[in-house]
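Here is the structure we will look at, set down as structure tokens.
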Amino acid sequence: MKNYKNLTVWQDSHELVPLVYKETKAFPREEVYGITSQLRRAAASIPANIAEGCAKNSDREFNRFLQIAMGSLNESEYFLFLSKELNYLAEANYIKMSGQLDIIKAKLINLQKKVMQNA
């Protein structure tokens, strides 16, 4: 079993979650069960799936959870973009969080490649 807390991709994705929660507090009340909830869940799902995958017994299983994390990352990207388009999120905050997602995506891709070489 791998210690997920030692993975920089987990650390980076975990750091994004409180930022998403902070930014979505200002979203319209009518979005509490819409974009607010969707974006929060998607962002939190990235480090959660990395952590869950680390507990698996095989690299193939671990990679499956990394793929799920990548799906959640793409979902987060879309909801950030939609939030900006709806003027719920300031351009500067969108750029900052999108940049963080780009870094996480690159690290996640590299980890997937490394894991699959061992599988």
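Simple scheme: letters A, B, ... for chains in structure tokens order, numbers from 1 for residues in each chain, numbers from 1 for ligands in the order shown.
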I'd like the contact shell of A:Ile50 - 12 Å cut-off, only C-alpha atoms, skipping same-chain residues fewer than 6 positions apart - returned as a PyMOL selection string. chain A and resi 2-14+43-44+56+61-73+104+107-108+111-112
Write a file of the just-selected residues containing C-alpha atoms, as a PDB file, in the first residue's frame.
ATOM      1  CA  LYS A   2       1.361   3.397  -1.023  1.00  0.00           C
ATOM      2  CA  ASN A   3       1.189   6.465   1.205  1.00  0.00           C
ATOM      3  CA  TYR A   4      -0.915   8.863  -0.859  1.00  0.00           C
ATOM      4  CA  LYS A   5       0.151  11.842   1.248  1.00  0.00           C
ATOM      5  CA  ASN A   6       3.670  11.506  -0.173  1.00  0.00           C
ATOM      6  CA  LEU A   7       2.458  11.974  -3.759  1.00  0.00           C
ATOM      7  CA  THR A   8       2.831  15.560  -4.962  1.00  0.00           C
ATOM      8  CA  VAL A   9      -0.163  15.105  -7.273  1.00  0.00           C
ATOM      9  CA  TRP A  10      -2.292  14.260  -4.228  1.00  0.00           C
ATOM     10  CA  GLN A  11      -0.850  17.218  -2.276  1.00  0.00           C
ATOM     11  CA  ASP A  12      -1.552  19.639  -5.131  1.00  0.00           C
ATOM     12  CA  SER A  13      -5.069  18.341  -5.726  1.00  0.00           C
ATOM     13  CA  HIS A  14      -5.837  18.431  -2.002  1.00  0.00           C
ATOM     14  CA  ALA A  43     -12.675  18.841  -7.038  1.00  0.00           C
ATOM     15  CA  ALA A  44     -12.768  16.731  -3.858  1.00  0.00           C
ATOM     16  CA  LYS A  56      -5.375  -1.144  -3.951  1.00  0.00           C
ATOM     17  CA  GLU A  61      -6.344  -1.237  -9.950  1.00  0.00           C
ATOM     18  CA  PHE A  62      -4.419   1.857  -8.857  1.00  0.00           C
ATOM     19  CA  ASN A  63      -4.431   3.114 -12.443  1.00  0.00           C
ATOM     20  CA  ARG A  64      -8.210   2.653 -12.631  1.00  0.00           C
ATOM     21  CA  PHE A  65      -8.610   5.100  -9.741  1.00  0.00           C
ATOM     22  CA  LEU A  66      -6.149   7.499 -11.359  1.00  0.00           C
ATOM     23  CA  GLN A  67      -8.374   7.420 -14.449  1.00  0.00           C
ATOM     24  CA  ILE A  68     -11.385   8.265 -12.300  1.00  0.00           C
ATOM     25  CA  ALA A  69      -9.393  11.129 -10.753  1.00  0.00           C
ATOM     26  CA  MET A  70      -8.637  12.389 -14.276  1.00  0.00           C
ATOM     27  CA  GLY A  71     -12.334  12.298 -15.106  1.00  0.00           C
ATOM     28  CA  SER A  72     -13.071  14.340 -11.990  1.00  0.00           C
ATOM     29  CA  LEU A  73     -10.333  16.783 -12.967  1.00  0.00           C
ATOM     30  CA  ILE A 104      -2.325  18.526 -11.456  1.00  0.00           C
ATOM     31  CA  LYS A 107       1.397  15.194 -12.734  1.00  0.00           C
ATOM     32  CA  LEU A 108      -1.517  12.779 -12.933  1.00  0.00           C
ATOM     33  CA  LEU A 111       1.921   9.090 -12.509  1.00  0.00           C
ATOM     34  CA  GLN A 112      -0.385   7.046 -14.750  1.00  0.00           C
TER      35      GLN A 112
END
Non-local contacts of A:Arg40 (9 Å; only C-alpha atoms; under 3 positions in same chain excluded) as an NGL selection string: :A and (17 or 20-21 or 24 or 35-37 or 43-45 or 76)
Output the selection as a PDB file, in the first residue's frame - N, CA and C atoms for each residue.
ATOM      1  N   VAL A  17      -8.871  21.884  -3.168  1.00  0.00           N
ATOM      2  CA  VAL A  17     -10.228  21.686  -2.641  1.00  0.00           C
ATOM      3  C   VAL A  17     -10.682  22.827  -1.726  1.00  0.00           C
ATOM      4  N   VAL A  20     -11.556  25.833  -3.817  1.00  0.00           N
ATOM      5  CA  VAL A  20     -12.841  25.681  -4.510  1.00  0.00           C
ATOM      6  C   VAL A  20     -13.989  25.950  -3.541  1.00  0.00           C
ATOM      7  N   TYR A  21     -13.911  25.409  -2.341  1.00  0.00           N
ATOM      8  CA  TYR A  21     -14.963  25.644  -1.348  1.00  0.00           C
ATOM      9  C   TYR A  21     -15.084  27.136  -1.032  1.00  0.00           C
ATOM     10  N   THR A  24     -16.646  29.030  -4.070  1.00  0.00           N
ATOM     11  CA  THR A  24     -18.050  28.707  -4.339  1.00  0.00           C
ATOM     12  C   THR A  24     -18.996  29.215  -3.253  1.00  0.00           C
ATOM     13  N   ILE A  35     -24.289  24.000  -9.643  1.00  0.00           N
ATOM     14  CA  ILE A  35     -22.860  24.155  -9.929  1.00  0.00           C
ATOM     15  C   ILE A  35     -22.009  24.116  -8.659  1.00  0.00           C
ATOM     16  N   THR A  36     -22.479  24.731  -7.590  1.00  0.00           N
ATOM     17  CA  THR A  36     -21.699  24.748  -6.342  1.00  0.00           C
ATOM     18  C   THR A  36     -21.400  23.324  -5.887  1.00  0.00           C
ATOM     19  N   SER A  37     -22.443  22.517  -5.793  1.00  0.00           N
ATOM     20  CA  SER A  37     -22.284  21.136  -5.350  1.00  0.00           C
ATOM     21  C   SER A  37     -21.457  20.321  -6.337  1.00  0.00           C
ATOM     22  N   ALA A  43     -14.008  18.470  -7.529  1.00  0.00           N
ATOM     23  CA  ALA A  43     -12.675  18.841  -7.038  1.00  0.00           C
ATOM     24  C   ALA A  43     -12.223  17.914  -5.910  1.00  0.00           C
ATOM     25  N   ALA A  44     -13.122  17.609  -4.976  1.00  0.00           N
ATOM     26  CA  ALA A  44     -12.768  16.731  -3.858  1.00  0.00           C
ATOM     27  C   ALA A  44     -12.534  15.295  -4.314  1.00  0.00           C
ATOM     28  N   SER A  45     -13.158  14.923  -5.410  1.00  0.00           N
ATOM     29  CA  SER A  45     -13.014  13.569  -5.933  1.00  0.00           C
ATOM     30  C   SER A  45     -11.616  13.294  -6.485  1.00  0.00           C
ATOM     31  N   SER A  76     -14.099  19.120 -13.171  1.00  0.00           N
ATOM     32  CA  SER A  76     -13.788  20.357 -12.441  1.00  0.00           C
ATOM     33  C   SER A  76     -13.438  21.480 -13.402  1.00  0.00           C
TER      34      SER A  76
END
Point out the residue among A:Leu89, A:Arg29, A:Glu52, A:Ala42 with the least atom-to-atom distance to A:Leu16, counting only C-alpha atoms. A:Ala42
I need the residue nearest A:Lys105 from this list: A:Asn74, A:Gln38, A:Ser58, A:Leu19. Use only C-alpha atoms for the distance. A:Asn74
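Compared by their closest atoms to A:Glu15, and using only C-alpha atoms, the residues A:Leu80, A:Ala90, A:Met97, A:Ala106 rank with A:Met97 nearest.
Residue nearest A:Lys114, chosen from A:Pro18, A:Asp59, A:Pro28, A:Pro47 and counting only C-alpha atoms: A:Asp59.
The spacing separating atom CA of A:Cys54 from atom CA of A:Gly99 amounts to 25.3 Å.
Closest to A:Ile95 among A:Gln117, A:Glu77, A:Ile109, A:Leu39 is A:Glu77, based on only C-alpha atoms.
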